[in-house]
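> See upload-v9.cif below, with mmCIF, C-alpha atoms.
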data_model
loop_
_atom_site.label_atom_id
_atom_site.label_comp_id
_atom_site.auth_asym_id
_atom_site.auth_seq_id
_atom_site.Cartn_x
_atom_site.Cartn_y
_atom_site.Cartn_z
CA MET A 255 24.82 -20.30 -13.68
CA SER A 256 23.66 -22.92 -11.21
CA ARG A 257 19.91 -23.28 -10.89
CA LYS A 258 20.07 -25.02 -7.52
CA ASN A 259 18.24 -22.21 -5.65
CA HIS A 260 16.41 -20.72 -8.64
CA GLU A 261 13.10 -21.24 -10.45
CA MET A 262 11.93 -20.02 -13.84
CA ILE A 263 8.71 -18.04 -13.21
CA ASP A 264 7.04 -16.02 -15.98
CA GLY A 265 10.23 -16.14 -18.04
CA LYS A 266 12.37 -14.81 -15.17
CA LEU A 267 14.99 -16.75 -13.24
CA LEU A 268 14.13 -16.10 -9.57
CA GLN A 269 16.16 -16.99 -6.49
CA THR A 270 13.99 -19.13 -4.19
CA ASP A 271 16.12 -18.56 -1.08
CA LYS A 272 16.51 -14.78 -1.46
CA LYS A 273 16.75 -12.92 1.84
CA TYR A 274 15.14 -9.58 2.69
CA ALA A 275 18.58 -8.12 3.35
CA GLN A 276 19.52 -8.76 -0.29
CA LEU A 277 16.93 -6.26 -1.58
CA LYS A 278 18.08 -2.90 -2.89
CA LEU A 279 17.74 0.08 -0.54
CA LYS A 280 15.00 1.70 -2.68
CA GLN A 281 13.02 -1.56 -2.63
CA LYS A 282 13.32 -1.82 1.16
CA GLU A 283 12.16 1.81 1.52
CA LYS A 284 9.09 1.19 -0.67
CA ILE A 285 8.20 -1.97 1.25
CA ALA A 286 8.65 -0.18 4.61
CA GLU A 287 6.21 2.54 3.48
CA TRP A 288 3.69 -0.05 2.25
CA MET A 289 3.93 -1.86 5.61
CA PHE A 290 3.29 1.42 7.42
CA GLN A 291 0.30 2.29 5.20
CA ALA A 292 -1.27 -1.18 5.42
CA THR A 293 -0.87 -1.28 9.22
CA ARG A 294 -2.27 2.26 9.57
CA ASP A 295 -5.26 1.37 7.35
CA TYR A 296 -5.87 -1.77 9.46
CA TYR A 297 -5.71 0.32 12.65
CA MET A 298 -8.03 3.04 11.30
CA LYS A 299 -10.58 0.41 10.28
CA LYS A 300 -10.47 -1.77 13.43
CA TYR A 301 -9.06 0.61 16.11
CA THR A 302 -6.50 -2.00 17.08
CA PHE A 303 -3.17 -3.16 15.72
CA PRO A 304 -3.03 -6.57 14.03
CA ASN A 305 -2.25 -9.37 16.48
CA ASP A 306 -0.46 -12.62 15.61
CA LYS A 307 -3.65 -14.10 14.10
CA HIS A 308 -4.17 -11.13 11.75
CA LEU A 309 -0.63 -10.40 10.53
CA GLU A 310 -1.32 -12.16 7.23
CA GLU A 311 -4.06 -9.64 6.40
CA VAL A 312 -1.48 -6.84 6.39
CA VAL A 313 1.31 -8.85 4.75
CA ASP A 314 -1.05 -9.99 1.96
CA ILE A 315 -1.80 -6.35 1.07
CA VAL A 316 1.90 -5.46 1.16
CA TYR A 317 2.91 -8.51 -0.87
CA GLU A 318 0.39 -7.65 -3.57
CA LYS A 319 2.09 -4.23 -3.94
CA ILE A 320 5.50 -5.94 -4.00
CA GLU A 321 4.34 -8.19 -6.85
CA ASP A 322 2.80 -5.24 -8.73
CA ALA A 323 6.15 -3.43 -8.46
CA GLU A 324 7.86 -6.58 -9.80
CA ILE A 325 10.10 -6.90 -6.76
CA TRP A 326 11.07 -10.52 -6.17
CA ILE A 327 11.25 -11.69 -2.56
CA PRO A 328 9.65 -14.83 -1.06
CA TYR A 329 6.44 -14.22 0.93
CA GLY A 330 7.97 -15.82 4.04
CA GLU A 331 10.79 -13.28 4.05
CA VAL A 332 8.32 -10.39 3.90
CA PHE A 333 6.23 -11.96 6.69
CA LYS A 334 9.31 -12.48 8.89
CA HIS A 335 10.49 -8.90 8.28
CA TYR A 336 7.04 -7.44 9.06
CA LYS A 337 6.86 -9.45 12.28
CA SER A 338 10.25 -8.07 13.36
CA LYS A 339 9.33 -4.46 12.49
CA ARG A 340 5.65 -4.26 13.52
CA SER A 341 6.42 -2.89 16.98
CA ASP A 342 8.32 0.04 15.40
CA ILE A 343 5.57 0.50 12.81
CA ASN A 344 2.92 0.57 15.56
CA LYS A 345 4.91 3.24 17.44
CA ARG A 346 5.21 5.34 14.28
CA ILE A 347 1.46 5.12 13.72
CA ARG A 348 0.73 6.10 17.33
CA ARG A 349 3.04 9.11 16.98
CA SER A 350 1.43 10.20 13.71
CA LEU A 351 -2.06 9.89 15.21
CA ASN A 352 -1.11 11.80 18.36
CA GLU A 353 0.16 14.71 16.23
CA LYS A 354 -3.27 14.92 14.58
CA GLU A 355 -5.22 14.36 17.80
CA GLU A 356 -6.28 17.98 18.28
CA SER A 357 -7.87 18.09 14.85
CA ARG A 358 -9.85 14.86 15.00
CA ILE A 359 -12.78 13.47 16.92
CA GLU A 360 -11.72 11.12 19.69
CA LYS A 361 -12.42 7.48 18.92
CA VAL A 362 -13.28 5.15 21.78
CA CYS A 363 -12.06 1.59 22.14
CA PHE A 364 -13.73 -0.44 24.89
CA MET A 365 -11.77 -3.21 26.54
CA ASN A 366 -12.47 -5.62 29.36
CA MET A 367 -10.41 -7.45 31.92
CA CYS A 368 -11.73 -10.22 34.15
CA MET A 369 -10.34 -11.35 37.50
CA ILE A 370 -11.27 -14.95 38.23
CA GLN A 371 -10.98 -16.18 41.80
CA ASP A 372 -11.80 -19.58 43.29
CA ASP A 373 -13.32 -20.23 46.73
CA LYS A 374 -9.81 -20.60 48.24
CA GLY A 375 -8.75 -17.11 47.11
CA ASN A 376 -6.54 -18.27 44.21
CA VAL A 377 -6.56 -15.81 41.32
CA LEU A 378 -6.11 -16.74 37.65
CA ALA A 379 -3.47 -14.71 35.79
CA LEU A 380 -2.01 -15.02 32.29
CA ASP A 381 1.65 -14.64 31.43
CA LYS A 382 1.45 -13.09 27.94
CA VAL A 383 4.39 -12.85 25.58
CA ASN A 384 3.75 -11.15 22.22
CA ASP A 385 4.47 -7.90 20.39
CA SER A 386 1.36 -6.04 21.50
CA TYR A 387 1.65 -6.90 25.23
CA THR A 388 4.14 -8.78 27.37
CA GLY A 389 3.62 -9.44 31.06
CA THR A 390 1.25 -10.84 33.65
CA THR A 391 -2.38 -9.85 33.26
CA PHE A 392 -5.95 -11.04 33.71
CA PRO A 393 -7.90 -12.47 30.77
CA GLY A 394 -9.54 -9.79 28.65
CA GLY A 395 -9.52 -7.88 25.40
CA HIS A 396 -11.49 -5.71 23.00
CA VAL A 397 -15.24 -5.35 23.05
CA GLU A 398 -16.38 -5.96 19.47
CA GLN A 399 -18.72 -3.55 17.69
CA ASN A 400 -22.35 -4.08 18.79
CA GLU A 401 -21.25 -6.60 21.45
CA ILE A 402 -22.70 -6.47 24.96
CA PHE A 403 -19.94 -5.76 27.48
CA GLN A 404 -20.77 -8.75 29.68
CA LYS A 405 -20.82 -11.08 26.63
CA SER A 406 -17.41 -9.75 25.57
CA MET A 407 -15.98 -10.75 28.96
CA ILE A 408 -17.43 -14.25 28.66
CA ARG A 409 -15.98 -14.56 25.13
CA GLU A 410 -12.53 -13.22 26.03
CA VAL A 411 -12.19 -15.50 29.09
CA TRP A 412 -13.16 -18.50 26.97
CA GLU A 413 -10.77 -17.52 24.11
CA GLU A 414 -7.80 -16.97 26.41
CA THR A 415 -8.30 -19.71 29.02
CA GLY A 416 -10.87 -22.21 27.73
CA LEU A 417 -12.96 -21.53 30.86
CA THR A 418 -16.67 -20.78 30.64
CA ILE A 419 -17.95 -18.08 32.99
CA GLU A 420 -21.62 -17.20 33.29
CA THR A 421 -22.37 -13.94 35.07
CA PRO A 422 -19.35 -11.65 35.39
CA LYS A 423 -19.86 -8.61 37.63
CA LEU A 424 -18.71 -5.13 36.69
CA CYS A 425 -16.32 -3.95 39.42
CA GLY A 426 -15.02 -0.70 37.99
CA LEU A 427 -14.18 1.50 35.04
CA TYR A 428 -10.91 3.07 33.95
CA HIS A 429 -10.72 6.02 31.55
#
Any chance you could give the structure as structure tokens?

Amino acid sequence: MSRKNHEMIDGKLLQTDKKYAQLKLKQKEKIAEWMFQATRDYYMKKYTFPNDKHLEEVVDIVYEKIEDAEIWIPYGEVFKHYKSKRSDINKRIRRSLNEKEESRIEKVCFMNMCMIQDDKGNVLALDKVNDSYTGTTFPGGHVEQNEIFQKSMIREVWEETGLTIETPKLCGLYH
């Protein structure tokens, strides 16, 4: 047997270029369930789905379970697969939470959006392209726990545009 794409790890000959598609069906089903559980736990803790910066948090939890189950697949393959499936996982979580909605207390998630306009009437807009939102929008995002609403707007504008604003004015609420 050629060892070109293999490494000996803990007495086992493992394929270093193994693809997710090469896993057995039962292994894929287990991993899919672990991805769902880890994403749901993340959502229940933070009231938001993991964005591109926080995907590793979920994949790390899943990969630990994969290693415990002695399933061999490179971390990068699991990460790539999770990234491709997270939109479907998020939808499944939303559906499962909506079914339980009548029996639970409503949780509130505050968000902000800031329109920035110069003295000539030009308006700043972002063209976002990611799994959680794609399209044209104003800078904005989640209000963190114990964060003052106005401070959250200043932070979000700076994070998304690099611009520093000082005294944003509240112009409306949407429920």
> So how many Å separate atom CA of A:Cys425 and atom CA of A:Phe403, to one decimal?
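One can read the atom CA of A:Cys425 to atom CA of A:Phe403 distance as 12.6 Å.
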> Which residues are close to A:Val397, i.e. within 8 Å by only C-alpha atoms, leaving aside same-chain residues fewer than 3 positions away? Reply as an mmCIF file with C-alpha atoms, keeping the file's coordinate frame.

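Output below, filename part_15.cif:
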data_model
loop_
_atom_site.group_PDB
_atom_site.id
_atom_site.type_symbol
_atom_site.label_atom_id
_atom_site.label_comp_id
_atom_site.auth_asym_id
_atom_site.auth_seq_id
_atom_site.Cartn_x
_atom_site.Cartn_y
_atom_site.Cartn_z
ATOM 1 C CA CYS A 363 -12.060 1.590 22.140
ATOM 2 C CA PHE A 364 -13.730 -0.440 24.890
ATOM 3 C CA MET A 365 -11.770 -3.210 26.540
ATOM 4 C CA ASN A 366 -12.470 -5.620 29.360
ATOM 5 C CA GLU A 401 -21.250 -6.600 21.450
ATOM 6 C CA ILE A 402 -22.700 -6.470 24.960
ATOM 7 C CA PHE A 403 -19.940 -5.760 27.480
ATOM 8 C CA SER A 406 -17.410 -9.750 25.570
#
> Separation of atom CA of A:Asp342 and atom CA of A:Val383, in Å?
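Atom CA of A:Asp342 sits 16.9 Å away from atom CA of A:Val383.
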> Counting all atoms listed in the file, I want the residues whose atoms come within 10 Å of (9.3, -3.3, -6.7) in the file frame, returned as a PyMOL selection string.
chain A and resi 277-278+280-282+284-285+319-327
> What would the selection look like, as a PyMOL selection string, if the PyMOL selection byres ((chain A and resi 337) around 12) were run on the coordinates I just shared?
chain A and resi 289+293+304-310+312-313+330-336+338-344+384-386
> Output C-alpha atoms for every residue in that selection, as a PDB file, keeping the file's coordinate frame.

ATOM      1  CA  MET A 289       3.930  -1.860   5.610  1.00  0.00           C
ATOM      2  CA  THR A 293      -0.870  -1.280   9.220  1.00  0.00           C
ATOM      3  CA  PRO A 304      -3.030  -6.570  14.030  1.00  0.00           C
ATOM      4  CA  ASN A 305      -2.250  -9.370  16.480  1.00  0.00           C
ATOM      5  CA  ASP A 306      -0.460 -12.620  15.610  1.00  0.00           C
ATOM      6  CA  LYS A 307      -3.650 -14.100  14.100  1.00  0.00           C
ATOM      7  CA  HIS A 308      -4.170 -11.130  11.750  1.00  0.00           C
ATOM      8  CA  LEU A 309      -0.630 -10.400  10.530  1.00  0.00           C
ATOM      9  CA  GLU A 310      -1.320 -12.160   7.230  1.00  0.00           C
ATOM     10  CA  VAL A 312      -1.480  -6.840   6.390  1.00  0.00           C
ATOM     11  CA  VAL A 313       1.310  -8.850   4.750  1.00  0.00           C
ATOM     12  CA  GLY A 330       7.970 -15.820   4.040  1.00  0.00           C
ATOM     13  CA  GLU A 331      10.790 -13.280   4.050  1.00  0.00           C
ATOM     14  CA  VAL A 332       8.320 -10.390   3.900  1.00  0.00           C
ATOM     15  CA  PHE A 333       6.230 -11.960   6.690  1.00  0.00           C
ATOM     16  CA  LYS A 334       9.310 -12.480   8.890  1.00  0.00           C
ATOM     17  CA  HIS A 335      10.490  -8.900   8.280  1.00  0.00           C
ATOM     18  CA  TYR A 336       7.040  -7.440   9.060  1.00  0.00           C
ATOM     19  CA  SER A 338      10.250  -8.070  13.360  1.00  0.00           C
ATOM     20  CA  LYS A 339       9.330  -4.460  12.490  1.00  0.00           C
ATOM     21  CA  ARG A 340       5.650  -4.260  13.520  1.00  0.00           C
ATOM     22  CA  SER A 341       6.420  -2.890  16.980  1.00  0.00           C
ATOM     23  CA  ASP A 342       8.320   0.040  15.400  1.00  0.00           C
ATOM     24  CA  ILE A 343       5.570   0.500  12.810  1.00  0.00           C
ATOM     25  CA  ASN A 344       2.920   0.570  15.560  1.00  0.00           C
ATOM     26  CA  ASN A 384       3.750 -11.150  22.220  1.00  0.00           C
ATOM     27  CA  ASP A 385       4.470  -7.900  20.390  1.00  0.00           C
ATOM     28  CA  SER A 386       1.360  -6.040  21.500  1.00  0.00           C
TER      29      SER A 386
END
> So how far away is atom CA of A:Val316 from atom CA of A:Ala286, in Å?
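So the two atoms, atom CA of A:Ala286 and atom CA of A:Val316, lie 9.2 Å apart.
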> List the spatial neighbours of A:Tyr301 as JSON, numbers by chain - criterion: any atom at most 9 Å away, all atoms listed in the file, same-chain residues fewer than 4 positions off excluded.
{"A": [296, 297, 361, 362, 363]}
> Got a sec to resolve the PyMOL selection byres ((chain A and resi 381) around 9) on this structure and send the residues as a PyMOL selection string?
chain A and resi 379-380+382-383+388-392
> Identify, on the basis of all atoms listed in the file, every residue whose closest approach to A:Glu410 does not exceed 10 Å; exclude the query and any residue fewer than 6 positions from it along the same chain; express the result as a PyMOL selection string.
chain A and resi 366-368+393-397+416-418
> Measuring atom to atom with all atoms listed in the file, identify which of A:Glu414, A:Glu311, A:Asp295, A:Glu420 is nearest to A:Leu378.
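For A:Leu378, the nearest of the candidates is A:Glu414.
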> Mind completing stretch 269-289 of chain A with N, CA, C and O atoms? Output as a PDB file, in the frame of the given file, please?

ATOM      1  N   GLN A 269      15.456 -16.317  -7.578  1.00  0.00           N
ATOM      2  CA  GLN A 269      16.160 -16.990  -6.490  1.00  0.00           C
ATOM      3  C   GLN A 269      15.146 -17.369  -5.418  1.00  0.00           C
ATOM      4  O   GLN A 269      14.500 -16.511  -4.820  1.00  0.00           O
ATOM      5  N   THR A 270      15.021 -18.664  -5.140  1.00  0.00           N
ATOM      6  CA  THR A 270      13.990 -19.130  -4.190  1.00  0.00           C
ATOM      7  C   THR A 270      14.393 -18.903  -2.738  1.00  0.00           C
ATOM      8  O   THR A 270      13.528 -18.856  -1.869  1.00  0.00           O
ATOM      9  N   ASP A 271      15.680 -18.753  -2.471  1.00  0.00           N
ATOM     10  CA  ASP A 271      16.120 -18.560  -1.080  1.00  0.00           C
ATOM     11  C   ASP A 271      16.601 -17.127  -0.830  1.00  0.00           C
ATOM     12  O   ASP A 271      17.396 -16.879   0.062  1.00  0.00           O
ATOM     13  N   LYS A 272      16.091 -16.180  -1.592  1.00  0.00           N
ATOM     14  CA  LYS A 272      16.510 -14.780  -1.460  1.00  0.00           C
ATOM     15  C   LYS A 272      16.111 -14.244  -0.084  1.00  0.00           C
ATOM     16  O   LYS A 272      15.015 -14.499   0.405  1.00  0.00           O
ATOM     17  N   LYS A 273      16.986 -13.500   0.520  1.00  0.00           N
ATOM     18  CA  LYS A 273      16.750 -12.920   1.840  1.00  0.00           C
ATOM     19  C   LYS A 273      16.333 -11.461   1.706  1.00  0.00           C
ATOM     20  O   LYS A 273      16.723 -10.778   0.756  1.00  0.00           O
ATOM     21  N   TYR A 274      15.587 -10.970   2.688  1.00  0.00           N
ATOM     22  CA  TYR A 274      15.140  -9.580   2.690  1.00  0.00           C
ATOM     23  C   TYR A 274      16.331  -8.628   2.622  1.00  0.00           C
ATOM     24  O   TYR A 274      16.285  -7.610   1.934  1.00  0.00           O
ATOM     25  N   ALA A 275      17.385  -8.978   3.306  1.00  0.00           N
ATOM     26  CA  ALA A 275      18.580  -8.120   3.350  1.00  0.00           C
ATOM     27  C   ALA A 275      19.214  -7.942   1.972  1.00  0.00           C
ATOM     28  O   ALA A 275      19.952  -6.979   1.749  1.00  0.00           O
ATOM     29  N   GLN A 276      18.931  -8.838   1.041  1.00  0.00           N
ATOM     30  CA  GLN A 276      19.520  -8.760  -0.290  1.00  0.00           C
ATOM     31  C   GLN A 276      18.786  -7.775  -1.207  1.00  0.00           C
ATOM     32  O   GLN A 276      19.246  -7.511  -2.316  1.00  0.00           O
ATOM     33  N   LEU A 277      17.652  -7.234  -0.772  1.00  0.00           N
ATOM     34  CA  LEU A 277      16.930  -6.260  -1.580  1.00  0.00           C
ATOM     35  C   LEU A 277      17.718  -4.959  -1.690  1.00  0.00           C
ATOM     36  O   LEU A 277      18.520  -4.629  -0.811  1.00  0.00           O
ATOM     37  N   LYS A 278      17.454  -4.210  -2.724  1.00  0.00           N
ATOM     38  CA  LYS A 278      18.080  -2.900  -2.890  1.00  0.00           C
ATOM     39  C   LYS A 278      17.458  -1.923  -1.885  1.00  0.00           C
ATOM     40  O   LYS A 278      16.313  -2.099  -1.471  1.00  0.00           O
ATOM     41  N   LEU A 279      18.197  -0.892  -1.526  1.00  0.00           N
ATOM     42  CA  LEU A 279      17.740   0.080  -0.540  1.00  0.00           C
ATOM     43  C   LEU A 279      16.399   0.699  -0.941  1.00  0.00           C
ATOM     44  O   LEU A 279      15.492   0.819  -0.120  1.00  0.00           O
ATOM     45  N   LYS A 280      16.254   1.089  -2.203  1.00  0.00           N
ATOM     46  CA  LYS A 280      15.000   1.700  -2.680  1.00  0.00           C
ATOM     47  C   LYS A 280      13.834   0.726  -2.523  1.00  0.00           C
ATOM     48  O   LYS A 280      12.720   1.130  -2.178  1.00  0.00           O
ATOM     49  N   GLN A 281      14.066  -0.556  -2.782  1.00  0.00           N
ATOM     50  CA  GLN A 281      13.020  -1.560  -2.630  1.00  0.00           C
ATOM     51  C   GLN A 281      12.612  -1.702  -1.166  1.00  0.00           C
ATOM     52  O   GLN A 281      11.429  -1.741  -0.840  1.00  0.00           O
ATOM     53  N   LYS A 282      13.602  -1.732  -0.284  1.00  0.00           N
ATOM     54  CA  LYS A 282      13.320  -1.820   1.160  1.00  0.00           C
ATOM     55  C   LYS A 282      12.523  -0.608   1.627  1.00  0.00           C
ATOM     56  O   LYS A 282      11.608  -0.736   2.446  1.00  0.00           O
ATOM     57  N   GLU A 283      12.877   0.587   1.135  1.00  0.00           N
ATOM     58  CA  GLU A 283      12.160   1.810   1.520  1.00  0.00           C
ATOM     59  C   GLU A 283      10.705   1.761   1.066  1.00  0.00           C
ATOM     60  O   GLU A 283       9.802   2.143   1.814  1.00  0.00           O
ATOM     61  N   LYS A 284      10.469   1.306  -0.166  1.00  0.00           N
ATOM     62  CA  LYS A 284       9.090   1.190  -0.670  1.00  0.00           C
ATOM     63  C   LYS A 284       8.296   0.218   0.192  1.00  0.00           C
ATOM     64  O   LYS A 284       7.166   0.500   0.591  1.00  0.00           O
ATOM     65  N   ILE A 285       8.884  -0.942   0.473  1.00  0.00           N
ATOM     66  CA  ILE A 285       8.200  -1.970   1.250  1.00  0.00           C
ATOM     67  C   ILE A 285       7.907  -1.463   2.663  1.00  0.00           C
ATOM     68  O   ILE A 285       6.829  -1.686   3.207  1.00  0.00           O
ATOM     69  N   ALA A 286       8.854  -0.741   3.265  1.00  0.00           N
ATOM     70  CA  ALA A 286       8.650  -0.180   4.610  1.00  0.00           C
ATOM     71  C   ALA A 286       7.448   0.774   4.609  1.00  0.00           C
ATOM     72  O   ALA A 286       6.616   0.752   5.529  1.00  0.00           O
ATOM     73  N   GLU A 287       7.342   1.601   3.578  1.00  0.00           N
ATOM     74  CA  GLU A 287       6.210   2.540   3.480  1.00  0.00           C
ATOM     75  C   GLU A 287       4.899   1.791   3.287  1.00  0.00           C
ATOM     76  O   GLU A 287       3.880   2.132   3.874  1.00  0.00           O
ATOM     77  N   TRP A 288       4.904   0.748   2.462  1.00  0.00           N
ATOM     78  CA  TRP A 288       3.690  -0.050   2.250  1.00  0.00           C
ATOM     79  C   TRP A 288       3.266  -0.754   3.539  1.00  0.00           C
ATOM     80  O   TRP A 288       2.085  -0.862   3.831  1.00  0.00           O
ATOM     81  N   MET A 289       4.241  -1.209   4.327  1.00  0.00           N
ATOM     82  CA  MET A 289       3.930  -1.860   5.610  1.00  0.00           C
ATOM     83  C   MET A 289       3.290  -0.844   6.569  1.00  0.00           C
ATOM     84  O   MET A 289       2.319  -1.151   7.251  1.00  0.00           O
TER      85      MET A 289
END
